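The data block below is protein-v9.tsv; it holds TSV, C-alpha atoms.
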```
chain	number	residue	atom	x	y	z
A	1	MET	CA	-41.60	-29.61	-142.11
A	2	ASN	CA	-42.25	-30.63	-145.70
A	3	ILE	CA	-42.06	-34.34	-146.41
A	4	ARG	CA	-40.24	-35.57	-149.48
A	5	VAL	CA	-39.81	-39.31	-149.84
A	6	VAL	CA	-37.43	-41.16	-152.10
A	7	GLY	CA	-38.73	-44.66	-152.80
A	8	ILE	CA	-36.16	-47.23	-153.90
A	9	ASP	CA	-36.73	-50.55	-155.67
A	10	PRO	CA	-33.26	-52.11	-155.35
A	11	GLY	CA	-31.74	-54.23	-158.08
A	12	LEU	CA	-28.22	-54.93	-159.31
A	13	ALA	CA	-29.03	-54.42	-162.99
A	14	THR	CA	-31.69	-51.74	-162.48
A	15	THR	CA	-32.51	-49.79	-159.32
A	16	GLY	CA	-35.77	-47.89	-159.57
A	17	TYR	CA	-36.36	-44.61	-157.78
A	18	GLY	CA	-39.34	-42.34	-157.24
A	19	ILE	CA	-39.41	-39.04	-155.40
A	20	VAL	CA	-42.86	-38.17	-154.08
A	21	GLU	CA	-44.32	-35.44	-151.89
A	22	PRO	CA	-47.72	-35.28	-150.20
A	23	ALA	CA	-50.43	-33.42	-152.12
A	24	GLN	CA	-53.68	-31.88	-150.92
A	25	ASP	CA	-55.93	-33.43	-153.55
A	26	SER	CA	-54.23	-36.84	-153.91
A	27	PRO	CA	-51.99	-39.17	-151.90
A	28	GLY	CA	-48.91	-37.71	-153.52
A	29	ARG	CA	-47.24	-35.61	-156.18
A	30	LEU	CA	-44.46	-37.03	-158.33
A	31	VAL	CA	-41.27	-34.98	-158.30
A	32	GLU	CA	-39.13	-37.34	-160.37
A	33	CYS	CA	-38.75	-41.02	-161.13
A	34	GLY	CA	-36.44	-43.21	-163.14
A	35	VAL	CA	-33.83	-45.92	-162.89
A	36	ILE	CA	-30.14	-46.30	-162.16
A	37	ARG	CA	-28.68	-48.92	-164.52
A	38	THR	CA	-25.44	-50.80	-164.06
A	39	ASP	CA	-23.31	-52.41	-166.74
A	40	SER	CA	-23.47	-56.20	-166.53
A	41	SER	CA	-19.91	-56.42	-167.90
A	42	ASP	CA	-18.56	-54.54	-164.86
A	43	ASP	CA	-17.49	-56.35	-161.71
A	44	ILE	CA	-19.74	-56.26	-158.64
A	45	ALA	CA	-17.73	-53.49	-156.94
A	46	CYS	CA	-18.13	-51.16	-159.93
A	47	ARG	CA	-21.83	-51.94	-160.17
A	48	LEU	CA	-22.35	-51.21	-156.47
A	49	LYS	CA	-20.43	-47.94	-156.87
A	50	THR	CA	-22.74	-46.98	-159.75
A	51	VAL	CA	-25.78	-47.52	-157.51
A	52	TYR	CA	-24.11	-45.66	-154.63
A	53	ASP	CA	-23.21	-42.69	-156.85
A	54	GLY	CA	-26.70	-42.59	-158.38
A	55	VAL	CA	-28.56	-42.69	-155.06
A	56	SER	CA	-26.14	-40.18	-153.50
A	57	GLU	CA	-26.73	-37.80	-156.40
A	58	LEU	CA	-30.51	-38.11	-156.01
A	59	ILE	CA	-30.26	-37.32	-152.32
A	60	ALA	CA	-27.99	-34.31	-152.96
A	61	ARG	CA	-30.30	-32.95	-155.66
A	62	HIS	CA	-33.70	-33.54	-154.02
A	63	HIS	CA	-32.97	-33.41	-150.27
A	64	PRO	CA	-35.52	-36.06	-149.26
A	65	THR	CA	-36.65	-36.18	-145.64
A	66	ALA	CA	-37.26	-39.94	-145.73
A	67	MET	CA	-36.33	-43.03	-147.71
A	68	ALA	CA	-38.57	-46.03	-148.31
A	69	VAL	CA	-36.89	-49.21	-149.52
A	70	GLU	CA	-38.27	-52.57	-150.54
A	71	THR	CA	-37.04	-55.37	-148.30
A	72	VAL	CA	-35.20	-58.42	-149.57
A	73	PHE	CA	-37.47	-61.22	-150.60
A	74	TYR	CA	-35.87	-64.60	-150.81
A	75	ARG	CA	-35.49	-66.23	-154.16
A	76	LYS	CA	-34.56	-69.74	-155.14
A	77	ASN	CA	-31.38	-68.33	-156.68
A	78	VAL	CA	-29.12	-67.60	-153.69
A	79	LYS	CA	-26.71	-65.53	-155.83
A	80	THR	CA	-29.55	-63.16	-156.77
A	81	THR	CA	-30.63	-62.82	-153.13
A	82	VAL	CA	-27.06	-62.06	-152.04
A	83	SER	CA	-26.50	-59.43	-154.76
A	84	LEU	CA	-29.84	-57.81	-153.88
A	85	GLY	CA	-28.68	-57.65	-150.25
A	86	GLN	CA	-25.45	-55.97	-151.32
A	87	VAL	CA	-27.35	-53.36	-153.35
A	88	ARG	CA	-29.67	-52.70	-150.41
A	89	GLY	CA	-26.63	-52.26	-148.15
A	90	VAL	CA	-25.21	-49.59	-150.45
A	91	ILE	CA	-28.57	-47.81	-150.58
A	92	LEU	CA	-28.95	-47.90	-146.79
A	93	LEU	CA	-25.42	-46.52	-146.47
A	94	CYS	CA	-26.39	-43.57	-148.69
A	95	ALA	CA	-29.34	-42.82	-146.43
A	96	ALA	CA	-27.25	-43.14	-143.25
A	97	ARG	CA	-24.54	-40.84	-144.61
A	98	ALA	CA	-27.19	-38.23	-145.45
A	99	GLY	CA	-28.95	-38.61	-142.08
A	100	ILE	CA	-32.21	-39.74	-143.68
A	101	ASP	CA	-34.60	-42.04	-141.82
A	102	VAL	CA	-35.33	-45.29	-143.64
A	103	SER	CA	-38.55	-47.30	-143.66
A	104	GLU	CA	-38.60	-50.76	-145.20
A	105	PHE	CA	-41.60	-52.44	-146.76
A	106	THR	CA	-42.15	-55.94	-148.09
A	107	PRO	CA	-43.35	-56.29	-151.68
A	108	ALA	CA	-46.70	-57.63	-150.41
A	109	THR	CA	-47.16	-54.61	-148.11
A	110	VAL	CA	-46.49	-52.20	-150.99
A	111	LYS	CA	-48.97	-54.03	-153.23
A	112	LYS	CA	-51.58	-54.10	-150.46
A	113	HIS	CA	-51.32	-50.35	-149.76
A	114	VAL	CA	-51.19	-49.20	-153.38
A	115	VAL	CA	-53.38	-51.74	-155.19
A	116	GLY	CA	-55.38	-53.27	-152.34
A	117	ALA	CA	-54.12	-56.81	-152.91
A	118	GLY	CA	-50.81	-58.32	-151.81
A	119	GLY	CA	-50.59	-60.46	-154.95
A	120	ALA	CA	-51.01	-57.60	-157.45
A	121	LEU	CA	-49.26	-57.81	-160.82
A	122	LYS	CA	-46.73	-55.30	-162.22
A	123	GLY	CA	-49.30	-53.77	-164.57
A	124	GLN	CA	-51.74	-53.21	-161.71
A	125	ILE	CA	-49.06	-51.44	-159.68
A	126	GLY	CA	-48.20	-49.13	-162.57
A	127	TYR	CA	-51.85	-48.35	-163.20
A	128	MET	CA	-52.56	-47.53	-159.55
A	129	VAL	CA	-49.43	-45.38	-159.27
A	130	GLN	CA	-50.67	-43.50	-162.35
A	131	GLN	CA	-54.08	-42.99	-160.72
A	132	LEU	CA	-52.81	-42.06	-157.25
A	133	LEU	CA	-50.24	-39.57	-158.57
A	134	ARG	CA	-52.63	-38.31	-161.29
A	135	LEU	CA	-50.22	-39.01	-164.13
A	136	LYS	CA	-51.08	-39.30	-167.84
A	137	HIS	CA	-49.22	-42.63	-168.07
A	138	PRO	CA	-47.77	-45.17	-165.63
A	139	PRO	CA	-44.10	-44.51	-164.83
A	140	ARG	CA	-41.72	-46.48	-167.06
A	141	PRO	CA	-39.92	-48.78	-166.72
A	142	SER	CA	-41.77	-50.88	-164.15
A	143	ASP	CA	-38.85	-50.49	-161.67
A	144	ALA	CA	-39.60	-46.75	-161.54
A	145	ALA	CA	-43.33	-47.44	-161.01
A	146	ASP	CA	-42.46	-49.89	-158.23
A	147	ALA	CA	-40.24	-47.27	-156.56
A	148	CYS	CA	-43.06	-44.72	-156.73
A	149	ALA	CA	-45.37	-47.32	-155.15
A	150	ILE	CA	-42.85	-47.80	-152.33
A	151	ALA	CA	-42.72	-44.02	-151.72
A	152	LEU	CA	-46.53	-43.87	-151.79
A	153	THR	CA	-46.66	-46.69	-149.23
A	154	TYR	CA	-44.56	-44.53	-146.91
A	155	LEU	CA	-46.93	-41.57	-147.38
A	156	LEU	CA	-50.06	-43.71	-146.95
A	157	ASN	CA	-48.58	-45.25	-143.78
A	158	SER	CA	-47.69	-41.79	-142.46
A	159	ARG	CA	-51.26	-40.61	-142.94
A	160	ALA	CA	-52.61	-43.71	-141.22
A	161	ARG	CA	-50.38	-43.03	-138.19
A	162	SER	CA	-51.44	-39.35	-138.02
```
Conversion result in structure tokens:
Amino acid sequence: MNIRVVGIDPGLATTGYGIVEPAQDSPGRLVECGVIRTDSSDDIACRLKTVYDGVSELIARHHPTAMAVETVFYRKNVKTTVSLGQVRGVILLCAARAGIDVSEFTPATVKKHVVGAGGALKGQIGYMVQQLLRLKHPPRPSDAADACAIALTYLLNSRARS
């Protein structure tokens, strides 16, 4: 069975995604990456529907075999943490409806697998994603690079378990 992973970096304003497959000569091959943006003037229900529709469309178009999602990390701003949890819930619902297995990774785990250090900076993540996927430039915006890093973490973990 061919593996195709959709990595998701959840966010209410911007949800990053990266679709990656294993490659023979590198840890992965980029299929597509980008972001799903919501309108800040919309109410929360409309914004969650935008994320739901966007992730559902990605799943329908690319038929991933797995989803890798960044876990919630707690912020000082409780409202931000709650909205991030709501976005993650919508994303997990998309995966469940499509019958896709989900793996969750902390930000530190993603940074450790992709960069080698759990405290890596955004620029370091983008650079390493560029190197690992053999791209000419790091994925933009950084939410898309982060999502690719999350998908790569899934692939690197899968290889480690094999």
**Request:** With a distance cut-off of 12 Å and all atoms listed in the file, select the neighbouring residues of Leu156 of chain A, excluding the residue or stretch itself and same-chain residues fewer than 3 positions from it, and output the selection as number ranges by chain.
**Result:** A: 5, 20-23, 26-28, 68, 109-110, 112-115, 132, 149-153, 159-162
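The list of residues with at least one atom within 8 Å of segment 40-49 of chain A, based on only C-alpha atoms and without residues fewer than 2 positions apart in the same chain, reads Leu12, Ala13, Thr38, Val51, Tyr52, Asp53, Gln86, Val87 and Val90 of chain A.
Excluding segment 100-103 of chain A itself and any same-chain residue fewer than 4 positions from it, the protein and nucleic acid residues within 7 Å of it, counting all atoms listed in the file, are A:Thr65, A:Ala66, A:Met67, A:Ala68, A:Val69, A:Ala95, A:Ala96.
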**Request:** For Leu84 of chain A, list every protein, DNA or RNA residue within 9 Å, evaluated using all atoms listed in the file, and leave out those in the same chain fewer than 6 positions away; present the list as number ranges by chain.
**Result:** A: 10-12, 72-73
**Asked** Using all atoms listed in the file, which of the listed residues (A:Leu92, A:Leu133, A:Ala98, A:Leu58) sits closest to Leu155 of chain A?
**Response** A:Leu133
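Minimum atom-to-atom distances from A:Val55, A:Ser142, A:Lys136, A:Tyr154 to Ile3 of chain A were compared using only C-alpha atoms, and the lowest value belongs to A:Tyr154.
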**Request:** Extract, using only C-alpha atoms, all DNA, RNA and protein residues at most 9 Å from Val35 of chain A, discarding same-chain residues fewer than 4 positions from it, and format them as a list in words.
**Result:** Thr14, Thr15, Gly16, Tyr17, Gly18, Arg140, Pro141, Asp143 and Ala144 of chain A
At most 9 Å from (-49.4, -48.3, -162.1), file frame, all atoms listed in the file: which residues, as an mmCIF file with C-alpha atoms, keeping the file's coordinate frame?
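As written to disk, result.cif reads:
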```
data_model
loop_
_atom_site.group_PDB
_atom_site.id
_atom_site.type_symbol
_atom_site.label_atom_id
_atom_site.label_comp_id
_atom_site.auth_asym_id
_atom_site.auth_seq_id
_atom_site.Cartn_x
_atom_site.Cartn_y
_atom_site.Cartn_z
ATOM 1 C CA VAL A 114 -51.190 -49.200 -153.380
ATOM 2 C CA VAL A 115 -53.380 -51.740 -155.190
ATOM 3 C CA LYS A 122 -46.730 -55.300 -162.220
ATOM 4 C CA GLY A 123 -49.300 -53.770 -164.570
ATOM 5 C CA GLN A 124 -51.740 -53.210 -161.710
ATOM 6 C CA ILE A 125 -49.060 -51.440 -159.680
ATOM 7 C CA GLY A 126 -48.200 -49.130 -162.570
ATOM 8 C CA TYR A 127 -51.850 -48.350 -163.200
ATOM 9 C CA MET A 128 -52.560 -47.530 -159.550
ATOM 10 C CA VAL A 129 -49.430 -45.380 -159.270
ATOM 11 C CA GLN A 130 -50.670 -43.500 -162.350
ATOM 12 C CA GLN A 131 -54.080 -42.990 -160.720
ATOM 13 C CA LEU A 132 -52.810 -42.060 -157.250
ATOM 14 C CA HIS A 137 -49.220 -42.630 -168.070
ATOM 15 C CA PRO A 138 -47.770 -45.170 -165.630
ATOM 16 C CA PRO A 139 -44.100 -44.510 -164.830
ATOM 17 C CA SER A 142 -41.770 -50.880 -164.150
ATOM 18 C CA ALA A 145 -43.330 -47.440 -161.010
ATOM 19 C CA ASP A 146 -42.460 -49.890 -158.230
ATOM 20 C CA ALA A 149 -45.370 -47.320 -155.150
#
```
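Interatomic distance, atom CA of Ile8 of chain A against atom CA of Glu57 of chain A: 13.6 Å.
Straight-line separation from atom CA of Gly34 of chain A to atom CA of Ala147 of chain A: 8.6 Å.
Picture a line from atom CA of Thr106 of chain A to atom CA of Asn2 of chain A; it runs 25.4 Å.
With all atoms listed in the file as the atoms that count, the residue of A:Arg97, A:Arg4, A:Asp9, A:Leu30 with the shortest distance to Leu135 of chain A is A:Leu30.
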Export segment 27-42 of chain A, all heavy atoms, as a PDB file, in the first residue's frame; it's the structure right above.
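Writing the result to out39.pdb gives the following:
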```
ATOM      1  N   PRO A  27      13.747  11.488   2.478  1.00  0.00           N
ATOM      2  CA  PRO A  27      12.675  11.094   3.411  1.00  0.00           C
ATOM      3  C   PRO A  27      11.265  11.258   2.851  1.00  0.00           C
ATOM      4  O   PRO A  27      10.344  10.592   3.294  1.00  0.00           O
ATOM      5  CB  PRO A  27      12.883  12.036   4.598  1.00  0.00           C
ATOM      6  CG  PRO A  27      14.292  12.460   4.515  1.00  0.00           C
ATOM      7  CD  PRO A  27      14.630  12.491   3.048  1.00  0.00           C
ATOM      8  N   GLY A  28      11.107  12.134   1.869  1.00  0.00           N
ATOM      9  CA  GLY A  28       9.773  12.324   1.327  1.00  0.00           C
ATOM     10  C   GLY A  28       9.763  13.129   0.046  1.00  0.00           C
ATOM     11  O   GLY A  28      10.766  13.730  -0.346  1.00  0.00           O
ATOM     12  N   ARG A  29       8.609  13.098  -0.600  1.00  0.00           N
ATOM     13  CA  ARG A  29       8.372  13.868  -1.820  1.00  0.00           C
ATOM     14  C   ARG A  29       7.137  14.715  -1.587  1.00  0.00           C
ATOM     15  O   ARG A  29       6.094  14.191  -1.174  1.00  0.00           O
ATOM     16  CB  ARG A  29       8.136  12.918  -2.995  1.00  0.00           C
ATOM     17  CG  ARG A  29       7.901  13.638  -4.331  1.00  0.00           C
ATOM     18  CD  ARG A  29       7.575  12.648  -5.441  1.00  0.00           C
ATOM     19  NE  ARG A  29       6.183  12.219  -5.404  1.00  0.00           N
ATOM     20  CZ  ARG A  29       5.148  12.927  -5.864  1.00  0.00           C
ATOM     21  NH1 ARG A  29       5.315  14.128  -6.363  1.00  0.00           N
ATOM     22  NH2 ARG A  29       3.926  12.440  -5.804  1.00  0.00           N
ATOM     23  N   LEU A  30       7.251  16.005  -1.852  1.00  0.00           N
ATOM     24  CA  LEU A  30       6.125  16.908  -1.672  1.00  0.00           C
ATOM     25  C   LEU A  30       5.135  16.746  -2.813  1.00  0.00           C
ATOM     26  O   LEU A  30       5.505  16.811  -3.983  1.00  0.00           O
ATOM     27  CB  LEU A  30       6.613  18.357  -1.611  1.00  0.00           C
ATOM     28  CG  LEU A  30       5.533  19.412  -1.417  1.00  0.00           C
ATOM     29  CD1 LEU A  30       4.845  19.246  -0.064  1.00  0.00           C
ATOM     30  CD2 LEU A  30       6.126  20.805  -1.558  1.00  0.00           C
ATOM     31  N   VAL A  31       3.873  16.531  -2.456  1.00  0.00           N
ATOM     32  CA  VAL A  31       2.798  16.468  -3.439  1.00  0.00           C
ATOM     33  C   VAL A  31       2.169  17.859  -3.581  1.00  0.00           C
ATOM     34  O   VAL A  31       1.993  18.366  -4.686  1.00  0.00           O
ATOM     35  CB  VAL A  31       1.729  15.421  -3.034  1.00  0.00           C
ATOM     36  CG1 VAL A  31       0.548  15.429  -3.995  1.00  0.00           C
ATOM     37  CG2 VAL A  31       2.353  14.035  -2.928  1.00  0.00           C
ATOM     38  N   GLU A  32       1.852  18.460  -2.439  1.00  0.00           N
ATOM     39  CA  GLU A  32       1.240  19.796  -2.435  1.00  0.00           C
ATOM     40  C   GLU A  32       1.335  20.359  -1.022  1.00  0.00           C
ATOM     41  O   GLU A  32       1.304  19.616  -0.052  1.00  0.00           O
ATOM     42  CB  GLU A  32      -0.233  19.710  -2.839  1.00  0.00           C
ATOM     43  CG  GLU A  32      -0.957  21.039  -2.861  1.00  0.00           C
ATOM     44  CD  GLU A  32      -2.442  20.927  -3.199  1.00  0.00           C
ATOM     45  OE1 GLU A  32      -2.836  20.013  -3.957  1.00  0.00           O
ATOM     46  OE2 GLU A  32      -3.209  21.754  -2.692  1.00  0.00           O
ATOM     47  N   CYS A  33       1.424  21.679  -0.938  1.00  0.00           N
ATOM     48  CA  CYS A  33       1.329  22.316   0.371  1.00  0.00           C
ATOM     49  C   CYS A  33       0.702  23.695   0.199  1.00  0.00           C
ATOM     50  O   CYS A  33       0.646  24.231  -0.905  1.00  0.00           O
ATOM     51  CB  CYS A  33       2.683  22.414   1.073  1.00  0.00           C
ATOM     52  SG  CYS A  33       3.858  23.543   0.326  1.00  0.00           S
ATOM     53  N   GLY A  34       0.213  24.223   1.292  1.00  0.00           N
ATOM     54  CA  GLY A  34      -0.415  25.537   1.257  1.00  0.00           C
ATOM     55  C   GLY A  34      -1.108  25.825   2.568  1.00  0.00           C
ATOM     56  O   GLY A  34      -0.789  25.220   3.593  1.00  0.00           O
ATOM     57  N   VAL A  35      -2.039  26.750   2.518  1.00  0.00           N
ATOM     58  CA  VAL A  35      -2.773  27.135   3.724  1.00  0.00           C
ATOM     59  C   VAL A  35      -4.258  27.286   3.409  1.00  0.00           C
ATOM     60  O   VAL A  35      -4.646  27.554   2.277  1.00  0.00           O
ATOM     61  CB  VAL A  35      -2.245  28.442   4.341  1.00  0.00           C
ATOM     62  CG1 VAL A  35      -0.832  28.274   4.863  1.00  0.00           C
ATOM     63  CG2 VAL A  35      -2.326  29.602   3.367  1.00  0.00           C
ATOM     64  N   ILE A  36      -5.044  27.101   4.440  1.00  0.00           N
ATOM     65  CA  ILE A  36      -6.483  27.394   4.411  1.00  0.00           C
ATOM     66  C   ILE A  36      -6.660  28.613   5.304  1.00  0.00           C
ATOM     67  O   ILE A  36      -6.318  28.568   6.487  1.00  0.00           O
ATOM     68  CB  ILE A  36      -7.304  26.208   4.959  1.00  0.00           C
ATOM     69  CG1 ILE A  36      -7.045  24.950   4.124  1.00  0.00           C
ATOM     70  CG2 ILE A  36      -8.794  26.562   5.010  1.00  0.00           C
ATOM     71  CD1 ILE A  36      -7.483  23.660   4.801  1.00  0.00           C
ATOM     72  N   ARG A  37      -7.119  29.703   4.737  1.00  0.00           N
ATOM     73  CA  ARG A  37      -7.294  30.955   5.499  1.00  0.00           C
ATOM     74  C   ARG A  37      -8.768  31.176   5.801  1.00  0.00           C
ATOM     75  O   ARG A  37      -9.633  30.881   4.978  1.00  0.00           O
ATOM     76  CB  ARG A  37      -6.762  32.145   4.714  1.00  0.00           C
ATOM     77  CG  ARG A  37      -5.278  32.086   4.463  1.00  0.00           C
ATOM     78  CD  ARG A  37      -4.780  33.402   3.865  1.00  0.00           C
ATOM     79  NE  ARG A  37      -3.435  33.275   3.357  1.00  0.00           N
ATOM     80  CZ  ARG A  37      -2.337  33.348   4.089  1.00  0.00           C
ATOM     81  NH1 ARG A  37      -2.431  33.541   5.380  1.00  0.00           N
ATOM     82  NH2 ARG A  37      -1.139  33.234   3.548  1.00  0.00           N
ATOM     83  N   THR A  38      -9.013  31.728   6.989  1.00  0.00           N
ATOM     84  CA  THR A  38     -10.377  32.096   7.347  1.00  0.00           C
ATOM     85  C   THR A  38     -10.456  33.610   7.470  1.00  0.00           C
ATOM     86  O   THR A  38      -9.447  34.286   7.690  1.00  0.00           O
ATOM     87  CB  THR A  38     -10.827  31.442   8.669  1.00  0.00           C
ATOM     88  OG1 THR A  38     -10.062  31.980   9.744  1.00  0.00           O
ATOM     89  CG2 THR A  38     -10.696  29.925   8.615  1.00  0.00           C
ATOM     90  N   ASP A  39     -11.645  34.121   7.330  1.00  0.00           N
ATOM     91  CA  ASP A  39     -11.892  35.563   7.399  1.00  0.00           C
ATOM     92  C   ASP A  39     -12.147  35.958   8.852  1.00  0.00           C
ATOM     93  O   ASP A  39     -13.112  35.481   9.462  1.00  0.00           O
ATOM     94  CB  ASP A  39     -13.092  35.911   6.520  1.00  0.00           C
ATOM     95  CG  ASP A  39     -13.313  37.396   6.364  1.00  0.00           C
ATOM     96  OD1 ASP A  39     -12.879  38.183   7.239  1.00  0.00           O
ATOM     97  OD2 ASP A  39     -13.934  37.788   5.362  1.00  0.00           O
ATOM     98  N   SER A  40     -11.305  36.832   9.377  1.00  0.00           N
ATOM     99  CA  SER A  40     -11.423  37.217  10.788  1.00  0.00           C
ATOM    100  C   SER A  40     -12.717  37.964  11.087  1.00  0.00           C
ATOM    101  O   SER A  40     -13.117  38.067  12.243  1.00  0.00           O
ATOM    102  CB  SER A  40     -10.223  38.061  11.216  1.00  0.00           C
ATOM    103  OG  SER A  40     -10.172  39.257  10.455  1.00  0.00           O
ATOM    104  N   SER A  41     -13.400  38.458  10.052  1.00  0.00           N
ATOM    105  CA  SER A  41     -14.672  39.152  10.293  1.00  0.00           C
ATOM    106  C   SER A  41     -15.843  38.176  10.417  1.00  0.00           C
ATOM    107  O   SER A  41     -16.932  38.565  10.831  1.00  0.00           O
ATOM    108  CB  SER A  41     -14.946  40.169   9.177  1.00  0.00           C
ATOM    109  OG  SER A  41     -15.152  39.512   7.946  1.00  0.00           O
ATOM    110  N   ASP A  42     -15.619  36.908  10.056  1.00  0.00           N
ATOM    111  CA  ASP A  42     -16.666  35.896  10.180  1.00  0.00           C
ATOM    112  C   ASP A  42     -16.763  35.414  11.626  1.00  0.00           C
ATOM    113  O   ASP A  42     -15.787  35.467  12.383  1.00  0.00           O
ATOM    114  CB  ASP A  42     -16.364  34.686   9.289  1.00  0.00           C
ATOM    115  CG  ASP A  42     -16.589  34.960   7.818  1.00  0.00           C
ATOM    116  OD1 ASP A  42     -17.277  35.956   7.490  1.00  0.00           O
ATOM    117  OD2 ASP A  42     -16.063  34.185   6.994  1.00  0.00           O
TER     118      ASP A  42
END
```
